[in-house]
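A.B. asks: Structure below; questions to follow.
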Amino acid sequence: MEADSIIEEVLLDEGQNMTHSKFYLPHRPVVKMSSLSTKIRPVFDASASGPNTISLNDCMETVPNLLPLLSDVLMRFRRHKVALCSDREKTFLQISVRPEDRDAQRFFWQIDNIVRVMRITRVPFGNKASPFLLNATICHHLSQYPATKAIKELSENMYCDDWLSGGDSVDEVINLMSETSKVMNEAGMKLCKWSSNSSEVAENIHRQFENKSLENDSAKVLRMRWSPVEDTFTFDGILVPEDVSVDVGT
């Protein structure tokens, strides 16, 4: 993260007369184990209160919700004969925070028994304003392009990291994939983890992305599991023990 300038160290002699607001974010590691490696991702808690019982999120403006309705995105997704969906790579971390606001995103980082004071230079996932900042940035980026179908699909059918779309033919979807990839790459937001219910589109994805981004067995779509081959949605259920009683009231 430091090598990518996502975080930076606060120098001891920096900002002696600084009037910027300062806040130290608590964080914890989230470990994701796979067959190839173990990835550790820090998660920052902007809702945690400081000594004065106020959190960073308490100090942020309540901003308008720019996200589309989940039900609308899903309905539009499955109206297409050929479905296509993808994820965006490290979306929030592609948006920079103004230097004068970064000290509100400080944290302590211990390496080799040395405690360093760091700060986040990008938009963290857990901040209350982050979803608005992400969608406002994407809306501004898309407004610079002609109103094509690709721009319309990107504008209407993105929900946080997920983008769900499709078309009536294989050629239409392949062209759509190519144009949307170009547009989002120019914003520094790479589309990845592609999935399609068409074997021809899947083969094109395999050739274009060297199988690094293909999710053909199953894909996560808005917290659900979608099987592109069977074109079905599945949910993880919860098994309730038989001896558990539920009070439904009167």
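Labels for the structure tokens follow display order: chains A, B, ..., residues from 1 in each chain, ligands from 1.
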Show which residues sit within 12 Å of A:Lys220, as a ChimeraX atom specification. Count only C-alpha atoms, and ignore same-chain residues fewer than 5 positions away.
C.D. replies: /A:85-87,161-164,193-195,215,225-228,232-236
A.B. asks: Mind dumping the selected residues with C-alpha atoms as an mmCIF file, in the first residue's frame?
C.D. replies:
```
data_model
loop_
_atom_site.group_PDB
_atom_site.id
_atom_site.type_symbol
_atom_site.label_atom_id
_atom_site.label_comp_id
_atom_site.auth_asym_id
_atom_site.auth_seq_id
_atom_site.Cartn_x
_atom_site.Cartn_y
_atom_site.Cartn_z
ATOM 1 C CA CYS A 85 -21.237 -8.947 -15.477
ATOM 2 C CA SER A 86 -17.946 -7.825 -13.988
ATOM 3 C CA ASP A 87 -16.290 -6.389 -10.918
ATOM 4 C CA ASP A 161 -18.120 -2.693 -7.306
ATOM 5 C CA ASP A 162 -20.557 -4.680 -9.470
ATOM 6 C CA TRP A 163 -21.582 -3.949 -13.038
ATOM 7 C CA LEU A 164 -24.393 -6.002 -14.605
ATOM 8 C CA LYS A 193 -13.853 -11.035 -12.912
ATOM 9 C CA TRP A 194 -15.960 -11.210 -16.069
ATOM 10 C CA SER A 195 -18.854 -13.659 -16.346
ATOM 11 C CA GLU A 215 -15.540 -16.353 -13.414
ATOM 12 C CA ARG A 225 -24.351 -16.462 -6.325
ATOM 13 C CA TRP A 226 -25.006 -16.608 -10.069
ATOM 14 C CA SER A 227 -24.187 -19.683 -12.156
ATOM 15 C CA PRO A 228 -23.497 -18.462 -15.730
ATOM 16 C CA THR A 232 -29.560 -19.453 -12.084
ATOM 17 C CA PHE A 233 -29.287 -17.553 -8.822
ATOM 18 C CA THR A 234 -28.639 -19.341 -5.527
ATOM 19 C CA PHE A 235 -28.630 -18.180 -1.936
ATOM 20 C CA ASP A 236 -26.808 -19.383 1.146
#
```
A.B. asks: Taking the backbone alone, and naming residues the way the document does, which bits of stretch 18-249 of chain A are strand (DSSP E) by DSSP, as a PyMOL selection string?
C.D. replies: chain A and resi 27-33+38-44+82-88+106-111+114-120+158-159+162-167+191-196+219-221+224-227+232-234
A.B. asks: Could you save those same residues with C-alpha atoms as a PDB file, in the first residue's frame?
C.D. replies:
```
ATOM      1  CA  HIS A  27      -8.062  -0.917  12.048  1.00  0.00           C
ATOM      2  CA  ARG A  28      -7.996  -4.689  12.040  1.00  0.00           C
ATOM      3  CA  PRO A  29      -6.697  -7.301   9.621  1.00  0.00           C
ATOM      4  CA  VAL A  30      -8.967  -9.397   7.416  1.00  0.00           C
ATOM      5  CA  VAL A  31      -7.252 -12.586   6.310  1.00  0.00           C
ATOM      6  CA  LYS A  32      -8.265 -14.265   3.058  1.00  0.00           C
ATOM      7  CA  MET A  33      -6.681 -17.651   2.509  1.00  0.00           C
ATOM      8  CA  THR A  38      -2.678 -15.695   2.070  1.00  0.00           C
ATOM      9  CA  LYS A  39      -3.787 -12.099   1.637  1.00  0.00           C
ATOM     10  CA  ILE A  40      -4.116  -9.737   4.601  1.00  0.00           C
ATOM     11  CA  ARG A  41      -6.219  -6.636   4.075  1.00  0.00           C
ATOM     12  CA  PRO A  42      -6.515  -3.856   6.690  1.00  0.00           C
ATOM     13  CA  VAL A  43     -10.047  -2.627   7.389  1.00  0.00           C
ATOM     14  CA  PHE A  44     -10.471   0.838   8.905  1.00  0.00           C
ATOM     15  CA  VAL A  82     -26.731 -12.693 -23.400  1.00  0.00           C
ATOM     16  CA  ALA A  83     -25.779 -11.661 -19.859  1.00  0.00           C
ATOM     17  CA  LEU A  84     -22.516 -10.009 -18.861  1.00  0.00           C
ATOM     18  CA  CYS A  85     -21.237  -8.947 -15.477  1.00  0.00           C
ATOM     19  CA  SER A  86     -17.946  -7.825 -13.988  1.00  0.00           C
ATOM     20  CA  ASP A  87     -16.290  -6.389 -10.918  1.00  0.00           C
ATOM     21  CA  ARG A  88     -14.085  -3.339 -10.535  1.00  0.00           C
ATOM     22  CA  ARG A 106      -4.407   8.897  10.258  1.00  0.00           C
ATOM     23  CA  PHE A 107      -3.581   5.568  11.851  1.00  0.00           C
ATOM     24  CA  PHE A 108      -0.762   3.863  13.726  1.00  0.00           C
ATOM     25  CA  TRP A 109       1.241   1.152  11.983  1.00  0.00           C
ATOM     26  CA  GLN A 110       3.749  -1.031  13.820  1.00  0.00           C
ATOM     27  CA  ILE A 111       6.574  -2.634  11.824  1.00  0.00           C
ATOM     28  CA  ILE A 114       8.553   0.611  15.467  1.00  0.00           C
ATOM     29  CA  VAL A 115       5.277   2.526  15.565  1.00  0.00           C
ATOM     30  CA  ARG A 116       4.810   4.787  12.565  1.00  0.00           C
ATOM     31  CA  VAL A 117       2.150   7.463  12.123  1.00  0.00           C
ATOM     32  CA  MET A 118       0.521   6.972   8.723  1.00  0.00           C
ATOM     33  CA  ARG A 119      -2.410   8.446   6.835  1.00  0.00           C
ATOM     34  CA  ILE A 120      -4.601   7.220   3.994  1.00  0.00           C
ATOM     35  CA  MET A 158     -23.310  -0.124 -11.536  1.00  0.00           C
ATOM     36  CA  TYR A 159     -23.810  -0.901  -7.867  1.00  0.00           C
ATOM     37  CA  ASP A 162     -20.557  -4.680  -9.470  1.00  0.00           C
ATOM     38  CA  TRP A 163     -21.582  -3.949 -13.038  1.00  0.00           C
ATOM     39  CA  LEU A 164     -24.393  -6.002 -14.605  1.00  0.00           C
ATOM     40  CA  SER A 165     -25.319  -5.731 -18.271  1.00  0.00           C
ATOM     41  CA  GLY A 166     -25.767  -7.719 -21.484  1.00  0.00           C
ATOM     42  CA  GLY A 167     -27.236  -7.638 -24.987  1.00  0.00           C
ATOM     43  CA  LEU A 191     -13.117  -4.111 -14.956  1.00  0.00           C
ATOM     44  CA  CYS A 192     -12.298  -7.694 -13.961  1.00  0.00           C
ATOM     45  CA  LYS A 193     -13.853 -11.035 -12.912  1.00  0.00           C
ATOM     46  CA  TRP A 194     -15.960 -11.210 -16.069  1.00  0.00           C
ATOM     47  CA  SER A 195     -18.854 -13.659 -16.346  1.00  0.00           C
ATOM     48  CA  SER A 196     -21.356 -14.486 -19.093  1.00  0.00           C
ATOM     49  CA  ALA A 219     -19.948 -15.440  -9.748  1.00  0.00           C
ATOM     50  CA  LYS A 220     -21.002 -13.168  -6.925  1.00  0.00           C
ATOM     51  CA  VAL A 221     -23.694 -10.815  -8.158  1.00  0.00           C
ATOM     52  CA  MET A 224     -25.915 -13.523  -4.528  1.00  0.00           C
ATOM     53  CA  ARG A 225     -24.351 -16.462  -6.325  1.00  0.00           C
ATOM     54  CA  TRP A 226     -25.006 -16.608 -10.069  1.00  0.00           C
ATOM     55  CA  SER A 227     -24.187 -19.683 -12.156  1.00  0.00           C
ATOM     56  CA  THR A 232     -29.560 -19.453 -12.084  1.00  0.00           C
ATOM     57  CA  PHE A 233     -29.287 -17.553  -8.822  1.00  0.00           C
ATOM     58  CA  THR A 234     -28.639 -19.341  -5.527  1.00  0.00           C
TER      59      THR A 234
END
```
A.B. asks: Can you tell me, as a ChimeraX atom specification, what residues are no more than 12 Å from A:Ala129 when counting only C-alpha atoms, ignoring any on the same chain fewer than 4 positions away?
C.D. replies: /A:46-47,56-66,92,97,123-125,133-136
A.B. asks: Per residue of stretch 39-113 of chain A within 9 Å of stretch 1-15 of chain A, note the shortest atom pair and the distance in Å to one decimal, counting only C-alpha atoms, and order the rows by chain and increasing residue number, as CSV.
C.D. replies:
```
residue,atom,partner,partner_atom,distance
A:Leu93,CA,A:Ile6,CA,7.1
A:Gln94,CA,A:Ile6,CA,8.8
A:Ser96,CA,A:Ile6,CA,8.5
A:Asp103,CA,A:Val10,CA,8.7
A:Arg106,CA,A:Val10,CA,8.4
```
A.B. asks: Stretch 56-108 of chain A: which residues are alpha helix (DSSP H) by DSSP, as JSON, numbers by chain?
C.D. replies: {"A": [70, 71, 72, 73, 74, 75, 76, 77]}
A.B. asks: My list of candidates is A:Leu239, A:His206, A:Ala104, A:Glu200. Which is closest to A:Val170 when distances are computed with only C-alpha atoms?
C.D. replies: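 Smallest distance to A:Val170 is found for A:Glu200.
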A.B. asks: Give me, please, the distance in Å between atom CA of A:Met189 and atom CA of A:Cys139, quoted to one decimal.
C.D. replies: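 Distance between the two atoms: 13.1 Å.
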